[in-house]
$ cat coords.cif   # mmCIF, C-alpha atoms
data_model
loop_
_atom_site.label_atom_id
_atom_site.label_comp_id
_atom_site.auth_asym_id
_atom_site.auth_seq_id
_atom_site.Cartn_x
_atom_site.Cartn_y
_atom_site.Cartn_z
CA MET A 1 27.36 33.36 -13.74
CA GLU A 2 26.24 33.68 -17.35
CA HIS A 3 23.67 36.31 -18.28
CA LYS A 4 20.18 34.81 -18.36
CA SER A 5 18.31 37.43 -20.44
CA LYS A 6 18.19 35.06 -23.41
CA PHE A 7 16.71 32.18 -21.49
CA ARG A 8 15.23 29.69 -23.96
CA LEU A 9 13.21 26.62 -23.08
CA THR A 10 14.18 23.28 -24.55
CA LYS A 11 11.55 21.13 -26.24
CA LEU A 12 11.41 18.80 -23.23
CA GLU A 13 11.03 21.72 -20.82
CA ARG A 14 8.16 23.10 -22.93
CA ASN A 15 6.45 19.71 -22.96
CA TRP A 16 6.83 19.46 -19.18
CA ILE A 17 5.33 22.93 -18.72
CA LEU A 18 2.45 22.02 -21.03
CA TYR A 19 1.24 19.42 -18.52
CA ASP A 20 0.83 22.22 -15.98
CA VAL A 21 -1.42 23.97 -18.51
CA GLY A 22 -3.53 20.83 -18.81
CA ASN A 23 -3.94 19.72 -15.20
CA SER A 24 -4.59 23.29 -13.99
CA ALA A 25 -7.86 23.27 -15.94
CA PHE A 26 -9.03 20.38 -13.75
CA VAL A 27 -7.98 22.34 -10.64
CA LEU A 28 -10.20 25.24 -11.70
CA MET A 29 -13.12 22.89 -12.32
CA VAL A 30 -12.73 21.36 -8.84
CA ALA A 31 -12.71 24.83 -7.28
CA THR A 32 -15.74 26.14 -9.17
CA LEU A 33 -18.05 24.11 -11.39
CA ILE A 34 -17.73 20.57 -9.98
CA PRO A 35 -19.18 21.65 -6.57
CA ILE A 36 -22.08 23.25 -8.47
CA PHE A 37 -22.68 19.95 -10.32
CA PHE A 38 -22.60 18.01 -7.04
CA ASN A 39 -24.92 20.52 -5.37
CA ALA A 40 -27.51 20.06 -8.14
CA LEU A 41 -27.34 16.25 -7.82
CA ALA A 42 -27.49 16.48 -4.02
CA GLU A 43 -30.63 18.64 -4.14
CA ALA A 44 -32.24 16.26 -6.63
CA GLY A 45 -31.37 13.39 -4.27
CA GLY A 46 -33.09 15.08 -1.32
CA LEU A 47 -29.96 16.07 0.63
CA SER A 48 -30.15 19.15 2.82
CA THR A 49 -27.58 21.94 2.60
CA VAL A 50 -25.91 20.67 5.77
CA GLU A 51 -25.70 17.12 4.38
CA TYR A 52 -24.35 18.42 1.07
CA LEU A 53 -21.55 20.29 2.82
CA ALA A 54 -20.80 17.36 5.10
CA TYR A 55 -20.53 14.80 2.28
CA TRP A 56 -18.42 17.18 0.19
CA GLY A 57 -16.11 17.62 3.19
CA TYR A 58 -15.90 13.84 3.69
CA ALA A 59 -14.95 13.37 0.04
CA SER A 60 -12.24 16.04 0.23
CA SER A 61 -10.86 14.48 3.42
CA ALA A 62 -10.85 11.03 1.79
CA VAL A 63 -8.80 12.40 -1.11
CA THR A 64 -6.29 13.92 1.32
CA VAL A 65 -5.89 10.71 3.34
CA ILE A 66 -5.64 8.39 0.32
CA THR A 67 -3.15 10.69 -1.42
CA ALA A 68 -1.06 11.02 1.75
CA ILE A 69 -0.83 7.22 2.02
CA LEU A 70 -0.21 6.46 -1.66
CA SER A 71 2.11 9.34 -2.63
CA PRO A 72 5.32 8.23 -0.88
CA ILE A 73 4.70 4.59 -1.78
CA LEU A 74 4.06 5.17 -5.49
CA GLY A 75 6.77 7.82 -5.59
CA THR A 76 9.35 5.38 -4.26
CA VAL A 77 8.27 2.66 -6.70
CA ALA A 78 8.46 5.19 -9.55
CA ASP A 79 12.13 5.88 -8.77
CA THR A 80 12.89 2.39 -10.05
CA LYS A 81 14.26 2.42 -13.59
CA GLY A 82 11.48 2.45 -16.21
CA PHE A 83 8.63 2.82 -13.68
CA LYS A 84 8.03 6.60 -13.47
CA LYS A 85 6.38 7.27 -16.83
CA PRO A 86 4.02 4.24 -16.77
CA ILE A 87 2.77 5.09 -13.27
CA PHE A 88 2.41 8.76 -14.24
CA MET A 89 0.35 7.73 -17.28
CA LEU A 90 -1.84 5.50 -15.10
CA CYS A 91 -2.60 8.36 -12.70
CA VAL A 92 -3.39 10.74 -15.57
CA TRP A 93 -5.65 8.14 -17.17
CA VAL A 94 -7.54 7.62 -13.89
CA GLY A 95 -8.03 11.39 -13.56
CA VAL A 96 -9.14 11.95 -17.16
CA VAL A 97 -11.56 9.01 -17.27
CA GLY A 98 -12.94 10.03 -13.87
CA CYS A 99 -13.47 13.59 -15.13
CA ILE A 100 -15.52 12.28 -18.08
CA ALA A 101 -17.42 9.78 -15.93
CA MET A 102 -18.52 12.43 -13.43
CA GLY A 103 -20.49 14.14 -16.20
CA LYS A 104 -22.40 10.91 -16.89
CA MET A 105 -23.65 10.48 -13.32
CA SER A 106 -27.26 11.21 -12.43
CA SER A 107 -26.99 10.42 -8.70
CA TRP A 108 -24.91 12.23 -6.07
CA LEU A 109 -23.27 9.17 -4.44
CA PRO A 110 -21.71 7.62 -7.60
CA PHE A 111 -20.66 11.14 -8.62
CA LEU A 112 -18.90 11.66 -5.28
CA ILE A 113 -17.13 8.29 -5.42
CA ILE A 114 -15.86 8.96 -8.94
CA PHE A 115 -14.79 12.46 -7.87
CA VAL A 116 -12.61 10.96 -5.12
CA ILE A 117 -11.04 8.50 -7.58
CA ALA A 118 -10.41 11.20 -10.20
CA LYS A 119 -8.92 13.62 -7.65
CA VAL A 120 -6.61 10.90 -6.28
CA GLY A 121 -5.45 10.18 -9.85
CA PHE A 122 -4.81 13.87 -10.42
CA SER A 123 -2.94 14.28 -7.12
CA GLY A 124 -0.86 11.18 -7.82
CA SER A 125 0.13 12.48 -11.25
CA LEU A 126 1.51 15.65 -9.64
CA VAL A 127 3.93 13.64 -7.49
CA PHE A 128 5.53 12.17 -10.60
CA TYR A 129 5.21 15.39 -12.60
CA ASP A 130 7.04 17.41 -9.94
CA SER A 131 9.71 14.72 -9.57
CA MET A 132 10.33 14.81 -13.35
CA LEU A 133 11.83 18.30 -12.95
CA SER A 134 15.29 16.87 -12.23
CA ASP A 135 15.08 14.85 -15.48
CA VAL A 136 13.82 17.59 -17.79
CA THR A 137 16.23 20.38 -16.81
CA THR A 138 19.44 21.20 -14.94
CA PRO A 139 19.72 22.54 -11.36
CA GLU A 140 20.66 26.07 -12.45
CA ARG A 141 17.52 26.26 -14.67
CA MET A 142 15.06 24.69 -12.23
CA ASP A 143 13.76 27.89 -10.63
CA GLU A 144 12.85 29.55 -13.93
CA VAL A 145 11.46 26.39 -15.55
CA SER A 146 9.33 25.66 -12.48
CA SER A 147 8.09 29.26 -12.42
CA LYS A 148 7.17 29.13 -16.10
CA GLY A 149 5.25 25.91 -15.41
CA TYR A 150 3.06 27.59 -12.82
CA ALA A 151 2.77 30.78 -14.89
CA TRP A 152 1.56 29.08 -18.06
CA GLY A 153 -0.58 26.75 -15.98
CA TYR A 154 -2.42 29.74 -14.51
CA ILE A 155 -3.07 31.53 -17.78
CA GLY A 156 -3.43 28.43 -19.98
CA SER A 157 -6.09 26.89 -17.76
CA CYS A 158 -8.23 29.99 -18.28
CA VAL A 159 -8.79 29.02 -21.94
CA PRO A 160 -10.96 25.90 -21.31
CA PHE A 161 -12.34 27.44 -18.12
CA VAL A 162 -13.74 30.47 -19.96
CA ALA A 163 -15.27 28.11 -22.54
CA CYS A 164 -16.78 25.97 -19.76
CA LEU A 165 -18.06 29.06 -17.99
CA GLY A 166 -19.67 30.23 -21.21
CA LEU A 167 -21.40 26.88 -21.60
CA VAL A 168 -22.80 26.90 -18.06
CA LEU A 169 -23.82 30.57 -17.88
CA GLY A 170 -25.21 30.57 -21.43
CA ALA A 171 -26.91 27.17 -21.32
CA ASP A 172 -30.40 28.63 -21.75
CA LYS A 173 -29.38 30.74 -24.74
CA ILE A 174 -27.95 27.76 -26.64
CA GLY A 175 -30.93 25.57 -25.79
CA ILE A 176 -29.42 23.02 -23.38
CA SER A 177 -29.98 22.33 -19.69
CA GLN A 178 -27.42 23.46 -17.15
CA MET A 179 -26.69 19.81 -16.26
CA LYS A 180 -25.95 19.10 -19.92
CA ALA A 181 -23.70 22.17 -20.00
CA LEU A 182 -21.80 20.92 -16.93
CA ASN A 183 -21.47 17.51 -18.59
CA LEU A 184 -19.94 19.13 -21.69
CA ALA A 185 -17.68 21.27 -19.51
CA LEU A 186 -16.24 18.17 -17.84
CA LEU A 187 -15.74 16.52 -21.23
CA LEU A 188 -13.97 19.61 -22.57
CA THR A 189 -11.71 19.73 -19.50
CA ALA A 190 -10.80 16.05 -19.90
CA ALA A 191 -9.99 16.57 -23.60
CA TRP A 192 -7.79 19.60 -22.80
CA TRP A 193 -5.99 17.66 -20.05
CA THR A 194 -5.34 14.72 -22.41
CA ILE A 195 -4.09 16.78 -25.36
CA THR A 196 -1.66 18.79 -23.23
CA THR A 197 -0.27 15.61 -21.64
CA LEU A 198 0.63 13.75 -24.85
CA PRO A 199 3.80 15.78 -25.71
CA LEU A 200 5.34 15.05 -22.30
CA ILE A 201 4.51 11.35 -22.53
CA GLY A 202 6.10 11.20 -25.96
CA SER A 203 9.36 12.95 -25.04
CA TYR A 204 10.07 12.20 -21.36
CA LYS A 205 12.89 9.83 -20.43
CA GLN A 206 13.81 8.90 -16.87
CA LEU A 207 17.46 9.90 -16.46
CA HIS A 208 17.80 9.51 -12.70
CA TYR A 209 16.68 6.24 -11.15
CA VAL A 210 17.37 3.34 -8.87
CA GLU A 211 18.36 0.16 -10.68
CA VAL A 212 15.73 -2.58 -11.00
CA GLU A 213 16.13 -5.32 -8.40
CA GLN A 214 14.57 -8.75 -8.22
CA HIS A 215 11.81 -7.60 -5.89
CA ALA A 216 11.30 -4.00 -7.05
CA VAL A 217 8.16 -3.25 -5.03
CA ARG A 218 9.52 -4.84 -1.84
CA GLN A 219 12.77 -2.90 -2.24
CA SER A 220 10.78 0.29 -2.73
CA PHE A 221 9.12 -0.16 0.67
CA ALA A 222 12.54 -0.83 2.18
CA ARG A 223 13.93 2.38 0.62
CA ILE A 224 11.14 4.60 1.89
CA GLY A 225 11.45 3.05 5.35
CA HIS A 226 15.17 3.83 5.33
CA THR A 227 14.54 7.40 4.16
CA LEU A 228 11.92 8.08 6.84
CA ARG A 229 14.18 6.70 9.58
CA HIS A 230 17.14 8.78 8.48
CA LEU A 231 15.27 11.93 7.34
CA PRO A 232 16.09 13.89 10.55
CA GLU A 233 19.78 13.31 9.78
CA ASP A 234 19.43 15.27 6.52
CA LYS A 235 18.77 18.47 8.40
CA GLN A 236 18.42 20.72 5.37
CA VAL A 237 15.62 18.61 3.86
CA PHE A 238 14.05 17.86 7.24
CA TRP A 239 13.75 21.50 8.30
CA PHE A 240 12.57 22.55 4.85
CA LEU A 241 9.73 20.02 4.90
CA LEU A 242 8.65 21.30 8.33
CA ALA A 243 8.76 24.88 7.05
CA PHE A 244 6.89 23.95 3.86
CA PHE A 245 4.27 22.11 5.93
CA CYS A 246 3.50 25.38 7.75
CA TYR A 247 3.67 28.11 5.15
CA ILE A 248 2.14 26.27 2.19
CA ASP A 249 -0.81 25.24 4.35
CA GLY A 250 -1.40 28.91 5.07
CA VAL A 251 -1.22 29.63 1.32
CA TYR A 252 -3.76 26.91 0.45
CA THR A 253 -6.09 27.94 3.29
CA ILE A 254 -6.21 31.54 2.07
CA ILE A 255 -7.01 30.29 -1.44
CA ASP A 256 -9.80 28.07 -0.12
CA MET A 257 -11.21 30.71 2.25
CA ALA A 258 -11.39 33.36 -0.49
CA THR A 259 -14.71 32.00 -1.74
CA ALA A 260 -16.21 32.02 1.76
CA TYR A 261 -15.08 35.60 2.22
CA GLY A 262 -16.55 36.66 -1.10
CA THR A 263 -19.88 35.10 -0.19
CA ALA A 264 -19.90 36.86 3.18
CA LEU A 265 -19.27 40.17 1.43
CA GLY A 266 -22.24 39.66 -0.87
CA LEU A 267 -20.51 38.69 -4.12
CA ASP A 268 -22.68 36.51 -6.32
CA THR A 269 -21.46 33.33 -8.06
CA THR A 270 -20.47 35.21 -11.21
CA GLY A 271 -18.51 37.73 -9.15
CA LEU A 272 -16.62 34.98 -7.32
CA LEU A 273 -15.73 33.22 -10.58
CA LEU A 274 -14.51 36.49 -12.08
CA ALA A 275 -12.40 37.18 -8.98
CA LEU A 276 -10.84 33.74 -9.34
CA LEU A 277 -10.05 34.54 -12.98
CA VAL A 278 -8.39 37.79 -11.87
CA THR A 279 -6.15 35.82 -9.49
CA GLN A 280 -5.18 33.42 -12.28
CA ILE A 281 -4.44 36.23 -14.73
CA VAL A 282 -2.34 38.21 -12.23
CA ALA A 283 -0.48 35.03 -11.21
CA PHE A 284 0.75 34.54 -14.79
CA PRO A 285 3.13 37.52 -15.10
CA SER A 286 3.96 37.38 -11.38
CA ALA A 287 5.23 33.79 -11.61
CA LEU A 288 7.31 34.78 -14.67
CA VAL A 289 8.80 37.70 -12.73
CA PHE A 290 9.85 35.41 -9.89
CA GLY A 291 11.36 33.06 -12.46
CA ARG A 292 13.48 35.91 -13.84
CA LEU A 293 14.42 37.08 -10.37
CA SER A 294 15.70 33.57 -9.63
CA ASN A 295 18.48 34.26 -12.15
CA ARG A 296 19.79 37.02 -9.89
CA TYR A 297 18.79 35.86 -6.42
CA PRO A 298 18.78 32.33 -4.95
CA SER A 299 15.47 30.68 -4.09
CA ALA A 300 16.64 30.68 -0.46
CA LYS A 301 16.19 34.47 -0.49
CA LEU A 302 13.09 34.73 -2.69
CA ILE A 303 10.96 32.19 -0.82
CA PRO A 304 11.15 34.14 2.48
CA VAL A 305 9.96 37.24 0.57
CA CYS A 306 6.88 35.31 -0.58
CA ILE A 307 6.24 33.97 2.93
CA ALA A 308 6.51 37.49 4.39
CA ALA A 309 4.09 38.75 1.72
CA TYR A 310 1.56 36.10 2.72
CA ALA A 311 1.92 37.14 6.35
CA GLY A 312 0.93 40.60 5.15
CA ILE A 313 -2.02 39.11 3.25
CA ALA A 314 -3.21 37.45 6.48
CA VAL A 315 -3.05 40.83 8.24
CA PHE A 316 -4.93 42.47 5.36
CA ALA A 317 -7.61 39.76 5.54
CA PHE A 318 -8.06 40.61 9.22
CA PHE A 319 -9.34 44.07 8.23
CA LEU A 320 -11.29 42.97 5.15
CA THR A 321 -14.89 44.20 5.31
CA GLN A 322 -15.83 45.50 1.85
CA GLN A 323 -16.12 44.05 -1.64
CA TRP A 324 -13.41 46.24 -3.19
CA GLN A 325 -10.99 44.92 -0.57
CA PHE A 326 -11.81 41.39 -1.70
CA TRP A 327 -10.73 42.27 -5.23
CA VAL A 328 -7.51 43.78 -3.88
CA LEU A 329 -6.95 40.55 -1.95
CA ALA A 330 -7.46 38.52 -5.15
CA VAL A 331 -4.79 40.59 -6.93
CA ILE A 332 -2.24 40.40 -4.10
CA VAL A 333 -2.71 36.64 -3.72
CA GLY A 334 -2.13 36.25 -7.46
CA MET A 335 1.12 38.23 -7.19
CA PHE A 336 2.77 35.75 -4.80
CA GLN A 337 0.84 32.48 -5.23
CA GLY A 338 2.80 31.25 -8.24
CA GLY A 339 6.15 32.41 -6.89
CA VAL A 340 5.96 30.60 -3.57
CA GLN A 341 4.67 27.37 -5.17
CA ALA A 342 7.14 27.31 -8.08
CA LEU A 343 10.23 28.25 -6.09
CA SER A 344 9.39 25.77 -3.32
CA ARG A 345 9.16 22.99 -5.91
CA SER A 346 12.46 23.82 -7.61
CA HIS A 347 14.22 24.52 -4.30
CA PHE A 348 13.24 21.08 -3.02
CA ALA A 349 14.35 19.42 -6.26
CA LYS A 350 17.79 20.98 -5.84
CA ILE A 351 18.36 19.81 -2.27
CA THR A 352 17.25 16.18 -2.76
CA PRO A 353 18.91 13.25 -4.60
CA PRO A 354 17.65 13.22 -8.24
CA GLU A 355 17.58 9.40 -8.35
CA LYS A 356 15.12 9.46 -5.42
CA SER A 357 13.00 12.35 -6.72
CA GLY A 358 9.75 10.36 -6.72
CA GLU A 359 10.27 9.19 -3.16
CA TYR A 360 11.11 12.66 -1.86
CA PHE A 361 8.35 14.41 -3.81
CA GLY A 362 5.93 11.91 -2.30
CA LEU A 363 6.91 13.35 1.08
CA PHE A 364 6.75 16.87 -0.39
CA ASP A 365 3.19 16.18 -1.52
CA ILE A 366 2.18 14.97 1.94
CA CYS A 367 3.52 18.15 3.53
CA GLY A 368 1.70 20.23 0.92
CA LYS A 369 -1.72 18.69 0.43
CA GLY A 370 -1.75 16.49 3.54
CA ALA A 371 -1.27 19.48 5.84
CA SER A 372 -4.45 21.21 4.65
CA PHE A 373 -6.26 20.46 7.90
CA LEU A 374 -4.02 22.69 10.02
CA GLY A 375 -4.89 26.05 8.44
CA THR A 376 -8.62 25.36 8.32
CA MET A 377 -8.49 24.26 11.98
CA ILE A 378 -6.78 27.51 12.98
CA VAL A 379 -9.39 29.52 11.07
CA SER A 380 -12.26 27.53 12.58
CA VAL A 381 -11.02 27.72 16.18
CA GLY A 382 -10.10 31.40 15.87
CA SER A 383 -13.49 32.25 14.40
CA GLN A 384 -15.43 30.31 17.05
CA LEU A 385 -13.48 31.69 20.01
CA THR A 386 -13.81 35.32 18.88
CA GLY A 387 -17.00 35.21 16.84
CA SER A 388 -15.16 36.84 13.95
CA ALA A 389 -14.14 35.20 10.67
CA ASN A 390 -11.62 38.01 10.17
CA VAL A 391 -9.79 37.03 13.34
CA GLY A 392 -9.85 33.39 12.23
CA VAL A 393 -8.16 34.11 8.90
CA GLY A 394 -5.83 36.68 10.44
CA SER A 395 -4.63 33.96 12.81
CA LEU A 396 -2.97 32.26 9.82
CA ILE A 397 -0.07 34.66 10.32
CA VAL A 398 1.17 32.15 12.91
CA LEU A 399 1.77 29.58 10.16
CA PHE A 400 3.71 32.06 8.05
CA VAL A 401 5.88 33.26 10.95
CA VAL A 402 6.72 29.68 11.99
CA GLY A 403 7.30 28.68 8.35
CA PHE A 404 9.60 31.67 7.82
CA VAL A 405 11.71 30.81 10.87
CA LEU A 406 11.96 27.10 10.01
CA PHE A 407 12.92 27.91 6.42
CA ARG A 408 15.79 30.08 7.64
CA VAL A 409 16.89 27.21 9.89
CA SER A 410 16.89 24.90 6.84
CA CYS A 411 19.02 27.34 4.84
CA ARG A 412 21.58 27.62 7.60
CA GLN A 413 22.12 23.84 7.59
CA ASP A 414 24.03 24.00 4.34
CA GLU A 415 24.59 27.48 2.94
CA THR A 416 26.96 26.13 0.31
CA THR A 417 24.06 24.34 -1.40
CA TYR A 418 22.80 27.60 -2.81
CA LYS A 419 26.06 28.99 -4.18
CA GLY A 420 25.74 29.28 -7.90
CA PHE A 421 21.95 29.00 -7.92
#
$ encode --input "coords.cif" --output "structure tokens"
Amino acid sequence: MEHKSKFRLTKLERNWILYDVGNSAFVLMVATLIPIFFNALAEAGGLSTVEYLAYWGYASSAVTVITAILSPILGTVADTKGFKKPIFMLCVWVGVVGCIAMGKMSSWLPFLIIFVIAKVGFSGSLVFYDSMLSDVTTPERMDEVSSKGYAWGYIGSCVPFVACLGLVLGADKIGISQMKALNLALLLTAAWWTITTLPLIGSYKQLHYVEVEQHAVRQSFARIGHTLRHLPEDKQVFWFLLAFFCYIDGVYTIIDMATAYGTALGLDTTGLLLALLVTQIVAFPSALVFGRLSNRYPSAKLIPVCIAAYAGIAVFAFFLTQQWQFWVLAVIVGMFQGGVQALSRSHFAKITPPEKSGEYFGLFDICGKGASFLGTMIVSVGSQLTGSANVGVGSLIVLFVVGFVLFRVSCRQDETTYKGF
């Protein structure tokens, strides 16, 4: 194998990575400032704290269900020649316009409806973005390119986020209301997202596709039906998706529960936002390191390392009682978060047919985002039965153990797939 120390990105690979920089800014907004905006509108509308949490939960669940239904359908349609980029652009446009529109709302219900639409657009764009990996690079470069995407997404998204945070926290000093500051923050995020998307739109060409037939949409439904019926026969992909369903849900649950833990430990809003920034900053070099390691070790060996690390994180969370431990948790999560996400994406791209990348990444998206209920259910049940949130989060180790075992089963189905990668 050739020495990879002089790894250089092509222009198309850089443009693809740049989209990760753009959409990650929206992810940070959804995790931090958008809930604050909704909370302010909900209070103004007379909603209680319980109602606010309930409606926010309903909206998040609606996004999950809609995305789970649309992802494989749109992904399969996008595999048709000439369809992927237009549908990708449509999803991005829906997300960007929705982001701007949220800032114009003065009532909680229209805001929530637009949030759902914008988040569905964002989630849809990721299906096509991930599936573009097989068009923008070669199999032997996928691990490092995917890792660089996550790495630069983590650190690049901090640029608009810090600006948005400055607007919101310093609203009084610059003479504007906090609602106006949140409005400007959403506008800034939408502008950043748009600007970082344009290079990819201008340079991307769909190299792998299914030829256009007379009834393209009808044939797309037929193709996905065929794939779902025969998926168990492709044992390597089948077992990987089951493994991914388990371990990535544990990863996302830990990310989501971090805020709840910080609140329980007495961290204020500023402290929580700073901790999130620490995770993003640590994730940047860590994802790059995993990208470099992929030149020496196959993803089939690196992914289990990340899963095992997350099992350790779940154990650490079980004993977490003090604020300094929360900061340690933020750092450790950042060390492995980018690696497990990036390598899972590139690993899946290498074991699936490139001409059906949209279709398969639609299924990949379901197993990733659509499985989010499982981890939260484990945490909730564990917490209620024992009366301890620590036990609830520590119970997530079950997902990582099962995911680890299923991933090894997937690798044993076709060991020759990984030779040379």
$ atom_distance --input "coords.cif" --atom1 "CA of Ser125 in chain A" --atom2 "CA of Val92 in chain A"
5.8 Å
$ residues_around --input "coords.cif" --residues "range 276-282 of chain A" --least-positions-apart "4" --cutoff "6 Å" --atoms "all atoms listed in the file" --output "ChimeraX atom specification"
/A:154-155,330-331,334
$ resolve_selection --input "coords.cif" --expression "the PyMOL selection byres ((chain A and resi 230-247) around 6)" --output "number ranges by chain"
A: 227-229, 248-250, 367-368, 399-400, 403, 406-407, 410, 413
$ resolve_selection --input "coords.cif" --expression "the PyMOL selection byres ((chain A and resi 286) around 8)" --output "JSON list (two decimals) with C-alpha atoms, in the frame of the given file"
[["chain", "number", "residue", "atom", "x", "y", "z"],
["A", 151, "ALA", "CA", 2.77, 30.78, -14.89],
["A", 282, "VAL", "CA", -2.34, 38.21, -12.23],
["A", 283, "ALA", "CA", -0.48, 35.03, -11.21],
["A", 284, "PHE", "CA", 0.75, 34.54, -14.79],
["A", 285, "PRO", "CA", 3.13, 37.52, -15.10],
["A", 287, "ALA", "CA", 5.23, 33.79, -11.61],
["A", 288, "LEU", "CA", 7.31, 34.78, -14.67],
["A", 289, "VAL", "CA", 8.80, 37.70, -12.73],
["A", 290, "PHE", "CA", 9.85, 35.41, -9.89],
["A", 334, "GLY", "CA", -2.13, 36.25, -7.46],
["A", 335, "MET", "CA", 1.12, 38.23, -7.19],
["A", 336, "PHE", "CA", 2.77, 35.75, -4.80],
["A", 338, "GLY", "CA", 2.80, 31.25, -8.24],
["A", 339, "GLY", "CA", 6.15, 32.41, -6.89]]
$ atom_distance --input "coords.cif" --atom1 "CA of Leu273 in chain A" --atom2 "CA of Ile254 in chain A"
15.9 Å
$ resolve_selection --input "coords.cif" --expression "the PyMOL selection byres ((chain A and resi 70-78) around 8)" --output "ChimeraX atom specification"
/A:66-69,79-85,87,124,127-128,216-217,220-221,223-224,356-363,365-366
$ atom_distance --input "coords.cif" --atom1 "CA of Gly153 in chain A" --atom2 "CA of Asp20 in chain A"
4.7 Å
$ decode --input "coords.cif" --residues "range 19-35 of chain A" --atoms "N, CA and C atoms" --output "short mmCIF file (atom, residue, chain, number, x, y, z; two decimals), in the first residue's frame"
data_model
loop_
_atom_site.label_atom_id
_atom_site.label_comp_id
_atom_site.auth_asym_id
_atom_site.auth_seq_id
_atom_site.Cartn_x
_atom_site.Cartn_y
_atom_site.Cartn_z
N TYR A 19 -19.50 21.31 2.91
CA TYR A 19 -20.92 21.24 3.27
C TYR A 19 -21.08 20.79 4.72
N ASP A 20 -20.17 19.92 5.19
CA ASP A 20 -20.21 19.51 6.60
C ASP A 20 -19.99 20.71 7.51
N VAL A 21 -19.12 21.62 7.09
CA VAL A 21 -18.86 22.84 7.85
C VAL A 21 -20.13 23.69 7.95
N GLY A 22 -20.88 23.74 6.85
CA GLY A 22 -22.08 24.56 6.81
C GLY A 22 -23.24 23.99 7.60
N ASN A 23 -23.57 22.71 7.35
CA ASN A 23 -24.76 22.15 8.01
C ASN A 23 -24.54 21.92 9.50
N SER A 24 -23.27 21.76 9.92
CA SER A 24 -22.99 21.55 11.35
C SER A 24 -23.34 22.78 12.18
N ALA A 25 -23.32 23.96 11.56
CA ALA A 25 -23.71 25.18 12.27
C ALA A 25 -25.19 25.11 12.65
N PHE A 26 -26.00 24.55 11.74
CA PHE A 26 -27.43 24.39 12.04
C PHE A 26 -27.63 23.37 13.16
N VAL A 27 -26.81 22.31 13.17
CA VAL A 27 -26.90 21.30 14.23
C VAL A 27 -26.66 21.94 15.59
N LEU A 28 -25.64 22.80 15.68
CA LEU A 28 -25.35 23.47 16.94
C LEU A 28 -26.50 24.38 17.38
N MET A 29 -27.11 25.06 16.41
CA MET A 29 -28.24 25.93 16.73
C MET A 29 -29.41 25.12 17.29
N VAL A 30 -29.68 23.97 16.68
CA VAL A 30 -30.78 23.11 17.13
C VAL A 30 -30.53 22.61 18.55
N ALA A 31 -29.26 22.36 18.87
CA ALA A 31 -28.92 21.82 20.18
C ALA A 31 -28.88 22.89 21.27
N THR A 32 -28.78 24.15 20.88
CA THR A 32 -28.56 25.20 21.90
C THR A 32 -29.56 26.35 21.83
N LEU A 33 -29.44 27.19 20.82
CA LEU A 33 -30.18 28.45 20.80
C LEU A 33 -31.63 28.33 20.34
N ILE A 34 -31.91 27.42 19.41
CA ILE A 34 -33.29 27.29 18.92
C ILE A 34 -34.24 26.89 20.05
N PRO A 35 -33.88 25.93 20.94
CA PRO A 35 -34.77 25.65 22.08
C PRO A 35 -35.00 26.87 22.97
#
